[in-house]
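Structure file coords-v6.txt (compact mmCIF, C-alpha atoms and all ligand atoms) follows.
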# COMPACT_ATOMS: atom_id res chain seq x y z
CA MET T 1 36.38 -21.62 -40.12
CA THR T 2 39.71 -22.34 -41.83
CA THR T 3 42.61 -19.89 -41.61
CA ASP T 4 42.37 -19.33 -45.37
CA SER T 5 38.68 -18.42 -45.34
CA SER T 6 39.21 -16.21 -42.27
CA ASN T 7 42.06 -14.38 -44.04
CA GLN T 8 39.97 -14.03 -47.20
CA LEU T 9 37.07 -12.55 -45.26
CA LEU T 10 39.35 -10.05 -43.50
CA ALA T 11 40.92 -9.10 -46.85
CA ASP T 12 37.44 -8.52 -48.31
CA VAL T 13 36.51 -6.40 -45.28
CA ASP T 14 39.66 -4.34 -45.76
CA ALA T 15 38.92 -3.80 -49.47
CA TYR T 16 35.32 -2.83 -48.57
CA CYS T 17 36.55 -0.31 -46.00
CA GLN T 18 39.01 1.27 -48.42
CA GLU T 19 36.35 1.69 -51.10
CA LEU T 20 33.79 2.99 -48.61
CA ARG T 21 36.05 5.53 -46.86
CA PRO T 22 35.85 8.53 -49.27
CA ILE T 23 32.09 8.08 -49.69
CA GLU T 24 31.57 7.79 -45.93
CA GLU T 25 33.60 10.97 -45.32
CA LEU T 26 31.51 12.92 -47.82
CA CYS T 27 28.20 11.64 -46.42
CA TYR T 28 29.35 12.48 -42.89
CA LEU T 29 30.17 16.06 -43.84
CA GLU T 30 26.75 16.36 -45.51
CA HIS T 31 25.02 14.68 -42.55
CA ARG T 32 23.29 12.13 -44.73
CA TYR T 33 22.68 8.40 -44.64
CA ASN T 34 25.33 6.46 -46.56
CA GLU T 35 23.55 4.04 -48.92
CA GLN T 36 26.88 2.67 -50.10
CA THR T 37 27.40 0.99 -46.73
CA VAL T 38 24.90 -1.64 -47.90
CA THR T 39 25.62 -1.53 -51.63
CA LEU T 40 29.34 -2.16 -51.19
CA ALA T 41 28.72 -4.74 -48.48
CA LYS T 42 26.67 -6.67 -51.06
CA LYS T 43 29.54 -6.39 -53.54
CA TYR T 44 32.02 -7.89 -51.04
CA ASN T 45 29.49 -10.41 -49.63
CA LEU T 46 29.67 -9.04 -46.09
CA LEU T 47 26.02 -8.99 -45.11
CA GLY T 48 26.09 -12.24 -43.17
CA MET T 49 29.66 -12.72 -42.01
CA PRO T 50 28.95 -15.22 -39.18
CA ILE T 51 26.01 -16.86 -41.00
CA PRO T 52 26.82 -20.44 -42.12
CA ALA T 53 27.54 -21.09 -45.81
CA GLN T 54 24.33 -23.15 -46.18
CA TYR T 55 22.40 -19.85 -45.88
CA GLY T 56 24.86 -17.96 -48.11
CA GLY T 57 26.99 -16.44 -45.34
CA ARG T 58 30.76 -16.54 -44.77
CA GLY T 59 30.63 -18.83 -41.72
CA ALA T 60 32.89 -16.60 -39.63
CA ASP T 61 33.63 -17.74 -36.08
CA ALA T 62 33.26 -15.19 -33.26
CA VAL T 63 36.98 -14.29 -33.23
CA THR T 64 37.12 -13.63 -36.99
CA TYR T 65 33.86 -11.70 -36.90
CA ALA T 66 35.18 -9.55 -34.02
CA ARG T 67 38.31 -8.75 -36.07
CA ALA T 68 36.16 -7.88 -39.08
CA LEU T 69 34.05 -5.52 -36.98
CA ALA T 70 37.18 -3.92 -35.52
CA ARG T 71 38.36 -3.17 -39.06
CA ILE T 72 34.93 -1.79 -39.96
CA GLY T 73 34.92 0.25 -36.73
CA ARG T 74 37.90 2.21 -38.04
CA GLU T 75 35.60 3.66 -40.70
CA GLY T 76 33.29 5.00 -38.01
CA THR T 77 30.82 3.87 -35.40
CA GLY T 78 27.94 4.57 -37.81
CA VAL T 79 29.21 2.06 -40.35
CA ARG T 80 29.84 -0.59 -37.70
CA THR T 81 26.45 0.04 -36.13
CA PHE T 82 24.78 -0.86 -39.44
CA PHE T 83 26.48 -4.29 -39.30
CA SER T 84 25.50 -4.76 -35.66
CA GLY T 85 21.84 -4.10 -36.53
CA GLN T 86 21.94 -6.27 -39.63
CA THR T 87 23.86 -9.22 -38.26
CA SER T 88 24.85 -9.21 -34.58
CA ILE T 89 21.34 -8.50 -33.28
CA GLY T 90 19.24 -8.80 -36.49
CA GLN T 91 20.18 -12.11 -38.13
CA TYR T 92 21.76 -13.65 -35.03
CA PRO T 93 18.60 -14.34 -32.98
CA ILE T 94 17.04 -16.04 -36.02
CA LEU T 95 20.14 -18.16 -36.54
CA ARG T 96 20.49 -19.03 -32.86
CA TYR T 97 16.87 -19.50 -31.79
CA GLY T 98 14.74 -19.66 -34.96
CA SER T 99 13.14 -22.72 -36.58
CA GLU T 100 14.72 -24.16 -39.72
CA SER T 101 11.92 -22.68 -41.87
CA LEU T 102 12.41 -19.22 -40.31
CA LYS T 103 16.14 -19.43 -41.04
CA ALA T 104 15.42 -20.45 -44.64
CA LYS T 105 12.93 -17.58 -44.99
CA TYR T 106 15.10 -14.73 -43.66
CA LEU T 107 18.78 -15.63 -43.65
CA PRO T 108 19.51 -16.10 -47.39
CA PRO T 109 17.70 -12.91 -48.52
CA SER T 110 19.27 -10.86 -45.74
CA VAL T 111 22.73 -12.22 -46.61
CA ARG T 112 22.10 -11.24 -50.26
CA GLY T 113 21.12 -7.75 -49.10
CA GLU T 114 17.51 -8.10 -50.24
CA LYS T 115 16.38 -7.74 -46.63
CA ILE T 116 17.84 -5.24 -44.19
CA MET T 117 17.45 -6.37 -40.59
CA ALA T 118 17.03 -4.66 -37.22
CA PHE T 119 16.34 -5.49 -33.57
CA GLY T 120 13.46 -3.80 -31.76
CA LEU T 121 13.55 -4.16 -28.00
CA THR T 122 13.73 -0.59 -26.65
CA GLU T 123 10.58 1.50 -26.18
CA PRO T 124 10.06 5.09 -25.04
CA ASP T 125 9.41 3.85 -21.47
CA ALA T 126 11.54 0.70 -21.47
CA GLY T 127 15.30 0.92 -22.06
CA SER T 128 17.61 -0.52 -19.41
CA ASN T 129 14.72 -2.59 -18.15
CA PRO T 130 13.08 -4.15 -21.21
CA LEU T 131 10.67 -6.00 -18.91
CA GLU T 132 8.86 -2.65 -18.53
CA MET T 133 7.92 -2.57 -22.21
CA THR T 134 4.26 -2.29 -23.20
CA SER T 135 4.14 -3.75 -26.74
CA THR T 136 1.62 -6.57 -26.98
CA TYR T 137 0.46 -9.34 -29.30
CA ARG T 138 -2.61 -11.52 -29.65
CA LYS T 139 -3.19 -14.60 -31.76
CA SER T 140 -5.75 -14.28 -34.56
CA GLY T 141 -6.08 -17.41 -36.70
CA ASN T 142 -2.74 -18.34 -38.17
CA ARG T 143 -1.11 -15.01 -37.39
CA TYR T 144 -0.29 -12.68 -34.52
CA LEU T 145 -1.38 -9.05 -34.33
CA LEU T 146 1.23 -6.76 -32.76
CA ASN T 147 0.73 -3.37 -31.15
CA GLY T 148 3.28 -0.96 -29.71
CA VAL T 149 6.09 1.52 -30.32
CA LYS T 150 9.79 0.69 -30.62
CA TYR T 151 12.23 3.55 -30.19
CA LEU T 152 15.91 4.26 -30.98
CA ILE T 153 16.29 1.29 -33.31
CA SER T 154 19.47 0.97 -35.40
CA ASN T 155 18.46 0.45 -39.06
CA GLY T 156 14.87 0.97 -37.81
CA GLY T 157 13.98 3.31 -40.68
CA ILE T 158 15.49 1.19 -43.45
CA ALA T 159 14.76 -2.36 -42.26
CA ASP T 160 12.65 -4.84 -44.21
CA ALA T 161 12.36 -7.11 -41.18
CA VAL T 162 12.81 -6.49 -37.46
CA VAL T 163 13.18 -8.89 -34.54
CA VAL T 164 10.49 -7.51 -32.23
CA PHE T 165 9.59 -8.32 -28.63
CA ALA T 166 6.07 -8.11 -27.17
CA TYR T 167 3.91 -9.40 -24.30
CA PRO T 168 0.73 -11.48 -24.72
CA GLU T 169 -2.24 -9.12 -24.49
CA ASP T 170 -4.39 -11.48 -22.40
CA LYS T 171 -1.89 -12.68 -19.78
CA GLN T 172 -1.03 -11.09 -16.43
CA GLY T 173 1.40 -11.68 -13.55
CA LYS T 174 3.88 -14.54 -13.84
CA GLU T 175 2.19 -15.86 -16.98
CA ARG T 176 2.97 -12.62 -18.83
CA ARG T 177 6.26 -13.49 -20.51
CA MET T 178 7.50 -11.79 -23.66
CA SER T 179 7.83 -13.47 -27.04
CA ALA T 180 10.08 -12.68 -30.00
CA PHE T 181 8.90 -12.37 -33.62
CA VAL T 182 10.39 -11.57 -36.99
CA VAL T 183 8.20 -8.72 -38.23
CA ASP T 184 8.06 -7.58 -41.87
CA THR T 185 7.93 -3.82 -42.02
CA GLU T 186 5.51 -3.45 -44.92
CA GLY T 187 1.91 -2.19 -44.85
CA ASP T 188 0.11 0.77 -43.30
CA THR T 189 -0.11 -1.02 -39.93
CA PHE T 190 3.65 -0.43 -39.58
CA GLU T 191 4.59 3.26 -39.46
CA VAL T 192 8.25 4.33 -39.44
CA GLU T 193 10.00 7.55 -38.54
CA ASP T 194 13.72 8.31 -38.87
CA LEU T 195 15.37 9.96 -35.87
CA HIS T 196 17.56 12.82 -37.09
CA ALA T 197 18.17 14.82 -33.92
CA LYS T 198 21.41 13.09 -32.93
CA PRO T 199 24.89 14.53 -32.33
CA GLY T 200 26.78 11.96 -34.42
CA MET T 201 26.43 8.79 -36.53
CA PHE T 202 24.86 10.86 -39.29
CA THR T 203 25.60 8.27 -41.96
CA ALA T 204 23.72 5.50 -40.12
CA ASN T 205 19.99 5.10 -39.74
CA THR T 206 18.28 5.26 -36.36
CA GLY T 207 14.50 4.97 -36.40
CA MET T 208 11.35 4.36 -34.46
CA PHE T 209 8.22 2.53 -35.50
CA GLN T 210 4.66 1.99 -34.41
CA MET T 211 2.70 -1.22 -34.94
CA THR T 212 -1.12 -1.07 -34.97
CA ASP T 213 -2.66 -4.54 -35.17
CA HIS T 214 0.28 -5.34 -37.41
CA PRO T 215 -0.07 -8.91 -38.78
CA VAL T 216 2.78 -11.37 -38.33
CA PRO T 217 2.53 -14.95 -39.67
CA ALA T 218 2.44 -17.56 -36.87
CA GLU T 219 5.61 -19.19 -38.24
CA ASN T 220 7.52 -15.94 -37.60
CA LEU T 221 7.57 -16.60 -33.86
CA ILE T 222 11.20 -17.09 -32.75
CA SER T 223 11.66 -20.06 -30.44
CA GLU T 224 8.52 -20.59 -28.31
CA GLU T 225 5.94 -18.22 -26.89
CA GLY T 226 7.24 -16.80 -23.60
CA ASN T 227 10.90 -17.31 -24.55
CA GLY T 228 11.49 -13.77 -25.81
CA PHE T 229 13.57 -12.51 -22.90
CA ARG T 230 16.04 -15.36 -23.38
CA VAL T 231 16.23 -14.56 -27.10
CA ALA T 232 16.80 -10.87 -26.36
CA MET T 233 19.53 -11.48 -23.78
CA GLY T 234 21.29 -13.97 -26.10
CA ALA T 235 21.21 -11.47 -28.95
CA LEU T 236 22.59 -8.73 -26.70
CA VAL T 237 25.70 -10.78 -25.92
CA SER T 238 26.35 -10.92 -29.65
CA GLY T 239 25.54 -7.20 -29.97
CA ARG T 240 27.80 -6.16 -27.09
CA LEU T 241 30.73 -8.00 -28.60
CA SER T 242 30.12 -6.11 -31.83
CA VAL T 243 30.18 -2.79 -29.93
CA ALA T 244 33.43 -3.69 -28.16
CA SER T 245 35.02 -4.83 -31.44
CA GLY T 246 33.93 -1.67 -33.27
CA CYS T 247 35.31 0.51 -30.46
CA LEU T 248 38.66 -1.28 -30.72
CA GLY T 249 38.71 -0.26 -34.40
CA VAL T 250 37.94 3.33 -33.42
CA ILE T 251 40.96 3.39 -31.08
CA GLU T 252 43.18 1.89 -33.79
CA ASP T 253 42.11 4.59 -36.21
CA LEU T 254 42.60 7.35 -33.64
CA LEU T 255 46.10 6.13 -32.90
CA ALA T 256 47.03 6.07 -36.59
CA GLU T 257 45.68 9.62 -37.06
CA VAL T 258 47.45 10.99 -33.99
CA LEU T 259 50.81 9.46 -34.93
CA THR T 260 50.62 11.08 -38.36
CA TYR T 261 49.60 14.45 -36.97
CA ALA T 262 52.23 14.47 -34.22
CA ARG T 263 54.90 13.80 -36.85
CA THR T 264 53.85 16.68 -39.09
CA ARG T 265 52.42 19.53 -36.97
CA LYS T 266 54.99 21.98 -35.60
CA GLN T 267 54.63 24.38 -32.66
CA HIS T 268 57.26 26.16 -30.56
CA GLY T 269 59.81 25.39 -33.22
CA LYS T 270 59.45 21.61 -33.20
CA LEU T 271 57.15 18.77 -34.15
CA ILE T 272 54.42 18.44 -31.53
CA GLY T 273 55.32 14.73 -31.22
CA LYS T 274 58.52 15.93 -29.54
CA HIS T 275 56.58 17.66 -26.74
CA GLN T 276 56.46 15.27 -23.80
CA LEU T 277 52.88 16.13 -22.84
CA VAL T 278 51.72 15.19 -26.36
CA GLN T 279 53.67 11.95 -26.05
CA GLU T 280 51.72 11.23 -22.87
CA HIS T 281 48.45 11.32 -24.85
CA ILE T 282 49.94 9.01 -27.48
CA ALA T 283 51.17 6.56 -24.86
CA LEU T 284 47.78 6.46 -23.16
CA ILE T 285 45.89 5.98 -26.45
CA GLU T 286 48.22 3.06 -27.17
CA MET T 287 47.46 1.63 -23.70
CA ASP T 288 43.74 1.99 -24.45
CA ARG T 289 44.35 0.09 -27.70
CA ALA T 290 46.50 -2.69 -26.26
CA ALA T 291 44.21 -3.40 -23.31
CA SER T 292 41.10 -3.23 -25.52
CA ASP T 293 42.62 -5.63 -28.03
CA ALA T 294 43.18 -8.16 -25.24
CA MET T 295 39.66 -7.65 -23.81
CA VAL T 296 37.99 -8.14 -27.21
CA GLU T 297 40.06 -11.24 -28.02
CA ARG T 298 39.27 -12.79 -24.61
CA ALA T 299 35.55 -12.05 -24.97
CA ALA T 300 35.43 -13.35 -28.56
CA ILE T 301 37.16 -16.60 -27.56
CA ALA T 302 34.59 -17.09 -24.77
CA LYS T 303 31.74 -16.32 -27.20
CA GLN T 304 33.17 -18.75 -29.73
CA ALA T 305 33.41 -21.52 -27.12
CA SER T 306 29.80 -20.90 -26.13
CA ASP T 307 28.65 -20.84 -29.79
CA VAL T 308 30.28 -24.21 -30.43
CA ALA T 309 28.83 -25.86 -27.30
CA GLN T 310 25.26 -24.54 -27.56
CA GLY T 311 23.25 -25.48 -24.50
CA ASP T 312 26.30 -25.42 -22.19
CA VAL T 313 25.06 -23.02 -19.50
CA LYS T 314 28.45 -22.54 -17.87
CA LEU T 315 30.07 -21.45 -21.13
CA ALA T 316 27.13 -19.17 -21.93
CA ILE T 317 27.47 -17.44 -18.53
CA GLU T 318 31.22 -17.09 -19.06
CA ALA T 319 30.69 -15.53 -22.50
CA ASP T 320 28.01 -13.17 -21.18
CA TYR T 321 30.35 -12.00 -18.38
CA ARG T 322 33.45 -11.53 -20.52
CA VAL T 323 31.52 -9.77 -23.26
CA ALA T 324 29.97 -7.38 -20.70
CA GLN T 325 33.46 -6.59 -19.38
CA ALA T 326 34.75 -5.97 -22.90
CA LYS T 327 31.76 -3.82 -23.86
CA PHE T 328 32.16 -1.64 -20.78
CA PHE T 329 35.95 -1.37 -20.89
CA VAL T 330 36.50 -0.85 -24.61
CA SER T 331 33.67 1.67 -25.11
CA ASN T 332 35.15 3.76 -22.27
CA ALA T 333 38.69 3.31 -23.63
CA ALA T 334 37.48 4.52 -27.04
CA TRP T 335 35.87 7.57 -25.47
CA ASP T 336 39.11 8.35 -23.59
CA ALA T 337 41.18 7.81 -26.74
CA ALA T 338 38.90 10.06 -28.82
CA ASP T 339 39.14 12.80 -26.20
CA ARG T 340 42.95 12.57 -26.16
CA ALA T 341 43.18 12.46 -29.96
CA VAL T 342 41.08 15.62 -30.26
CA GLN T 343 43.37 17.27 -27.70
CA VAL T 344 46.45 16.38 -29.76
CA TYR T 345 44.79 17.87 -32.86
CA GLY T 346 44.02 21.07 -30.99
CA GLY T 347 41.41 23.32 -32.62
CA ARG T 348 41.28 21.21 -35.78
CA GLY T 349 40.29 18.21 -33.69
CA TRP T 350 37.07 19.84 -32.65
CA SER T 351 35.73 19.61 -36.16
CA GLU T 352 33.85 17.17 -38.35
CA LEU T 353 36.51 17.76 -41.02
CA TYR T 354 38.90 15.43 -39.20
CA ARG T 355 38.50 11.76 -38.35
CA VAL T 356 39.32 12.31 -34.67
CA GLY T 357 36.48 14.83 -34.27
CA ARG T 358 34.01 12.52 -36.02
CA HIS T 359 35.02 9.56 -33.84
CA LEU T 360 34.53 11.69 -30.72
CA GLN T 361 30.99 12.57 -31.77
CA ASP T 362 30.06 9.03 -32.72
CA VAL T 363 31.67 6.81 -30.14
CA ARG T 364 29.94 8.30 -27.09
CA VAL T 365 26.80 6.31 -27.80
CA CYS T 366 28.71 3.05 -27.33
CA ARG T 367 28.59 3.63 -23.57
CA ILE T 368 24.79 3.71 -23.83
CA TYR T 369 23.36 1.29 -26.38
CA GLU T 370 23.28 -2.49 -25.97
CA GLY T 371 23.37 -1.93 -22.19
CA THR T 372 24.64 1.22 -20.49
CA ASP T 373 27.87 1.55 -18.48
CA GLU T 374 25.82 1.30 -15.31
CA ILE T 375 24.03 -1.91 -16.35
CA MET T 376 27.37 -3.48 -17.36
CA LYS T 377 28.89 -2.57 -13.98
CA LEU T 378 25.95 -4.11 -12.12
CA LYS T 379 26.24 -7.23 -14.23
CA ILE T 380 29.97 -7.60 -13.54
CA ALA T 381 29.64 -6.95 -9.80
CA SER T 382 26.72 -9.32 -9.28
CA ALA T 383 28.52 -12.04 -11.25
CA LEU T 384 31.33 -11.77 -8.69
CA LEU T 385 29.15 -11.36 -5.59
CA GLY T 386 26.57 -14.01 -6.47
CA LYS T 387 22.99 -14.03 -7.74
CA GLU T 388 21.53 -12.90 -4.40
CA PHE T 389 23.38 -9.59 -4.82
CA ALA T 390 21.83 -8.79 -8.22
CA ALA T 391 20.86 -5.10 -8.02
CA PHE T 392 17.60 -5.65 -9.88
CA GLN T 393 15.57 -8.78 -10.54
C1 LIG R 1 21.92 5.44 -31.50
C2 LIG R 1 21.19 4.39 -30.72
C3 LIG R 1 20.93 3.16 -31.31
C4 LIG R 1 20.19 2.20 -30.62
N1 LIG R 1 19.88 1.00 -31.24
C5 LIG R 1 19.02 0.14 -30.64
C6 LIG R 1 18.55 -1.02 -31.33
O1 LIG R 1 18.97 -1.31 -32.46
N2 LIG R 1 17.62 -1.81 -30.72
C7 LIG R 1 17.15 -1.53 -29.47
O2 LIG R 1 16.29 -2.28 -28.99
N3 LIG R 1 17.58 -0.45 -28.78
C8 LIG R 1 18.51 0.39 -29.33
N4 LIG R 1 18.94 1.51 -28.66
C9 LIG R 1 18.43 1.77 -27.32
C10 LIG R 1 19.48 1.55 -26.22
O3 LIG R 1 19.75 0.18 -26.07
C11 LIG R 1 18.95 2.23 -24.94
O4 LIG R 1 19.05 3.63 -25.16
C12 LIG R 1 19.75 1.81 -23.70
O5 LIG R 1 19.53 0.46 -23.38
C13 LIG R 1 19.38 2.67 -22.48
O6 LIG R 1 18.00 2.79 -22.33
P1 LIG R 1 17.34 4.24 -22.16
O7 LIG R 1 17.87 5.10 -23.23
O8 LIG R 1 15.88 4.06 -22.06
O9 LIG R 1 17.93 4.79 -20.80
P2 LIG R 1 17.34 4.46 -19.34
O10 LIG R 1 17.17 3.00 -19.17
O11 LIG R 1 16.18 5.33 -19.06
O12 LIG R 1 18.55 4.90 -18.42
C14 LIG R 1 18.82 6.25 -18.04
C15 LIG R 1 19.99 6.24 -17.06
O13 LIG R 1 19.62 5.50 -15.88
C16 LIG R 1 20.57 4.47 -15.66
N5 LIG R 1 19.92 3.32 -15.05
C17 LIG R 1 18.80 2.68 -15.48
N6 LIG R 1 18.52 1.64 -14.67
C18 LIG R 1 19.51 1.60 -13.74
C19 LIG R 1 19.81 0.77 -12.62
N7 LIG R 1 19.05 -0.28 -12.30
N8 LIG R 1 20.90 1.05 -11.87
C20 LIG R 1 21.71 2.10 -12.18
N9 LIG R 1 21.48 2.92 -13.22
C21 LIG R 1 20.40 2.68 -13.98
C22 LIG R 1 21.13 4.15 -17.03
O14 LIG R 1 22.37 3.48 -16.95
C23 LIG R 1 21.21 5.54 -17.63
O15 LIG R 1 22.39 6.17 -17.18
C24 LIG R 1 19.74 2.46 -29.30
C25 LIG R 1 20.06 3.68 -28.69
C26 LIG R 1 20.77 4.64 -29.38
C27 LIG R 1 21.06 5.95 -28.70

Rewritten as structure tokens:
Amino acid sequence: MTTDSSNQLLADVDAYCQELRPIEELCYLEHRYNEQTVTLAKKYNLLGMPIPAQYGGRGADAVTYARALARIGREGTGVRTFFSGQTSIGQYPILRYGSESLKAKYLPPSVRGEKIMAFGLTEPDAGSNPLEMTSTYRKSGNRYLLNGVKYLISNGGIADAVVVFAYPEDKQGKERRMSAFVVDTEGDTFEVEDLHAKPGMFTANTGMFQMTDHPVPAENLISEEGNGFRVAMGALVSGRLSVASGCLGVIEDLLAEVLTYARTRKQHGKLIGKHQLVQEHIALIEMDRAASDAMVERAAIAKQASDVAQGDVKLAIEADYRVAQAKFFVSNAAWDAADRAVQVYGGRGWSELYRVGRHLQDVRVCRIYEGTDEIMKLKIASALLGKEFAAFQ
């Protein structure tokens, strides 16, 4: 990507965020899904930022895309999560592992906003270990029939197409390896339910769905049968980088809010920014920001190198490792920064009326989805110790 097109994309993202902000704030206070997240993203052509121009996208490299998601993250984790579902884990596995005809079928319409995308790996009884999932498929003529329930899916209630993972119904033991499909969400064999009982991210959609002999055309298989786990793990590297980037944006926004508040709020006869204990919070939020910025940049550079040299196993392992570190570190830094920012705001901070309170509610989930803190720690430690120390295999 040229510097000019990267700058143009980031300028468009900034304009999008500015236009979205007042609408997002209103939707948040009313606890309702923000439809303008998609509508305005169409207007600014942001629904396929890293998708190559031949499919209508902006062709962003991993570093530019990470910066774009950091800017979007400032508007809230809910907004950024939409983009992660649409692009980082929705479009990405099709782009990276799909056939040319599958790319032609799904990438241009999803970039135009005619198809909203999602990624369905998690099930009620299979989260940290997706191998324990129970969704199945069987071949029937020139299509597959899918059965199963997918749970806690970002964009799951609004998606037109979902990347879904399932096991072959008739295989057992070592032969039972999952496959990945692009599944259209239409028809009465695909039932959807929105999940509303959540303590944040009110403006984003989280859903679950059930497939009952749901037909999927044979050409919608991603990669080859049995290759689904590889597709899922590849997509999660992209997704984790999006979480880390979004959390960096959250910290940036928190810092901006806290600096303004500390310069205007007075207690004990002076601006609270002049109290040394308040300054400590500000200094530590800035340290969260500076370290997170470096972690995201490092991870995005590793991801970019791996994207360019597809098939290079060493670079892929390096990207996986650095992205896991960034995801773990930055999501925890954002949680720490949100906690400190709320403290600086005092009673007002513990309120949805202020950005710091909303960030606190939303950002907690970033330590859970796309791989929990614990799974990231195990991944980092076993990468250092060696494969034979892997905590679970
Ligand atoms: C808002 C939201 C959006 C989401 N979006 C998506 C999506 O778009 N697509 C999708 O597929 N999924 C999505 N998820 C699901 C998410 O990825 C899972 O919630 C996450 O992977 C954890 O799985 P779980 O909830 O089943 O927890 P569990 O796996 O049951 O874990 C419970 C606890 O046990 C710990 N634990 C589990 N195994 C180990 C171990 N071996 N060692 C140490 N500790 C362990 C975990 O770290 C955690 O603390 C979303 C979740 C949320 C909340």

- Kindly work out which residues sit at most 7 Å from ligand LIG 1 (chain R), using all atoms listed in the file, and give the list as a list in words.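 The residues within 7 Å of ligand LIG 1 (chain R), counting all atoms listed in the file, are Gly85, Ala118, Phe119, Gly120, Leu121, Thr122, Pro124, Asp125, Ala126, Gly127, Ser128, Asn129, Tyr151, Leu152, Ile153, Ser154, Asn155, Thr206, Val365, Ile368, Tyr369, Glu370, Gly371, Thr372, Asp373, Glu374, Ile375, Ala391 and Phe392 of chain T.
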
| said: Between atom CA of Glu318 of chain T and atom CA of Arg298 of chain T, what is the distance in Å, rounded to a tenth? | reply: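 Here the two named atoms are 10.7 Å from each other.
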
If you count all atoms listed in the file, the residue of T:Ile380, T:Val258, T:Ala333, T:Val363 closest to Tyr345 of chain T turns out to be T:Val258

Grab all the atoms of segment 57-62 of chain T that the file lists, wrap them in a box along x, y and z, add 8 Å per side, and give me centre plus edge lengths in Å (one decimal) as JSON.
{"center_x": 30.3, "center_y": -17.0, "center_z": -39.3, "size_x": 22.6, "size_y": 19.6, "size_z": 28.1}

Show me a table, sorted first by chain and then by increasing residue number, of the residues of segment 151-204 of chain T having an atom at most 9 Å from segment 225-242 of chain T, each with its shortest atom pair and the distance in Å to one decimal, counting all atoms listed in the file and written as a Markdown table.
| residue | atom | partner | partner_atom | distance |
| --- | --- | --- | --- | --- |
| T:Phe165 | CA | T:Gly228 | CA | 6.4 |
| T:Ala166 | CA | T:Gly228 | CA | 8.0 |
| T:Tyr167 | CA | T:Gly226 | CA | 8.1 |
| T:Pro168 | CA | T:Gly226 | CA | 8.5 |
| T:Glu175 | CA | T:Gly226 | CA | 8.4 |
| T:Arg176 | CA | T:Gly226 | CA | 7.6 |
| T:Arg177 | CA | T:Gly226 | CA | 4.6 |
| T:Met178 | CA | T:Gly228 | CA | 4.9 |
| T:Ser179 | CA | T:Gly228 | CA | 3.9 |
| T:Ala180 | CA | T:Gly228 | CA | 4.6 |
| T:Phe181 | CA | T:Gly228 | CA | 8.3 |

Exercise. What lies within 9 Å of Gln36 of chain T using all atoms listed in the file, ignoring chain neighbours under 5 positions off, as a list in words?
Worked result: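 So the residues in contact are Leu20, Ile23, Glu24 and Ala41 of chain T.
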
Write out the residues from the selection above, keeping C-alpha atoms, as a short mmCIF file (atom, residue, chain, number, x, y, z; two decimals), in the frame of the given file.
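Contents of selection11.cif, freshly written:
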data_model
loop_
_atom_site.label_atom_id
_atom_site.label_comp_id
_atom_site.auth_asym_id
_atom_site.auth_seq_id
_atom_site.Cartn_x
_atom_site.Cartn_y
_atom_site.Cartn_z
CA LEU T 20 33.79 2.99 -48.61
CA ILE T 23 32.09 8.08 -49.69
CA GLU T 24 31.57 7.79 -45.93
CA ALA T 41 28.72 -4.74 -48.48
#

field: Contacts of Leu107 of chain T at 9 Å (all atoms listed in the file; same-chain gap of 5+ positions) as a list in words
entry: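 Skipping anything fewer than 5 positions along the chain leaves Gly48, Ile51, Tyr55, Gly56, Gly57, Gln91, Ile94, Leu95, Leu102, Arg112 and Lys115 of chain T.
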
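Ranking T:Gly156, T:Lys327, T:Asn332, T:Arg96 by their shortest atom-to-atom distance to Gln310 of chain T, with only C-alpha atoms included, puts T:Arg96 first.
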
Rows by chain and residue number, segment 223-313 of chain T within 9 Å of segment 354-358 of chain T, shortest pair, all atoms listed in the file, as JSON lines:
{"residue": "T:Asp253", "atom": "CA", "partner": "T:Arg355", "partner_atom": "CA", "distance": 8.3}
{"residue": "T:Leu254", "atom": "CA", "partner": "T:Val356", "partner_atom": "CA", "distance": 6.0}
{"residue": "T:Glu257", "atom": "CA", "partner": "T:Val356", "partner_atom": "CA", "distance": 7.3}
{"residue": "T:Val258", "atom": "CA", "partner": "T:Val356", "partner_atom": "CA", "distance": 8.3}

Resulting file, chosen residues, C-alpha atoms, as an mmCIF file, in the frame of the given file:
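Once everything was written out, this is selection_31.cif:
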data_model
loop_
_atom_site.group_PDB
_atom_site.id
_atom_site.type_symbol
_atom_site.label_atom_id
_atom_site.label_comp_id
_atom_site.auth_asym_id
_atom_site.auth_seq_id
_atom_site.Cartn_x
_atom_site.Cartn_y
_atom_site.Cartn_z
ATOM 1 C CA ASP T 253 42.110 4.590 -36.210
ATOM 2 C CA LEU T 254 42.600 7.350 -33.640
ATOM 3 C CA GLU T 257 45.680 9.620 -37.060
ATOM 4 C CA VAL T 258 47.450 10.990 -33.990
#

TODO: For atom CA of Ala390 of chain T and atom CA of Lys174 of chain T, quote the distance in Å rounded to one decimal.
DONE: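 Computing it gives 19.7 Å between the two atoms.
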
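The smallest atom-to-atom distance between Ser245 of chain T and any of T:Lys43, T:Arg143, T:Arg289, T:Lys198, using all atoms listed in the file, is found for T:Arg289.
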
Restricting the calculation to all atoms listed in the file: of T:Val164, T:Arg340, T:Ser6, T:Gly200, which residue gets closest to Glu352 of chain T?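 When distances to Glu352 of chain T are compared using all atoms listed in the file, the smallest one comes from T:Gly200.
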
Atom CA of Ala244 of chain T sits from atom CA of Lys377 of chain T at a separation of 14.9 Å

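Of the listed residues T:Ala381, T:Val250, T:Val308, T:Ala218, the one whose atoms come nearest to Ala341 of chain T is T:Val250, with distances taken using all atoms listed in the file.
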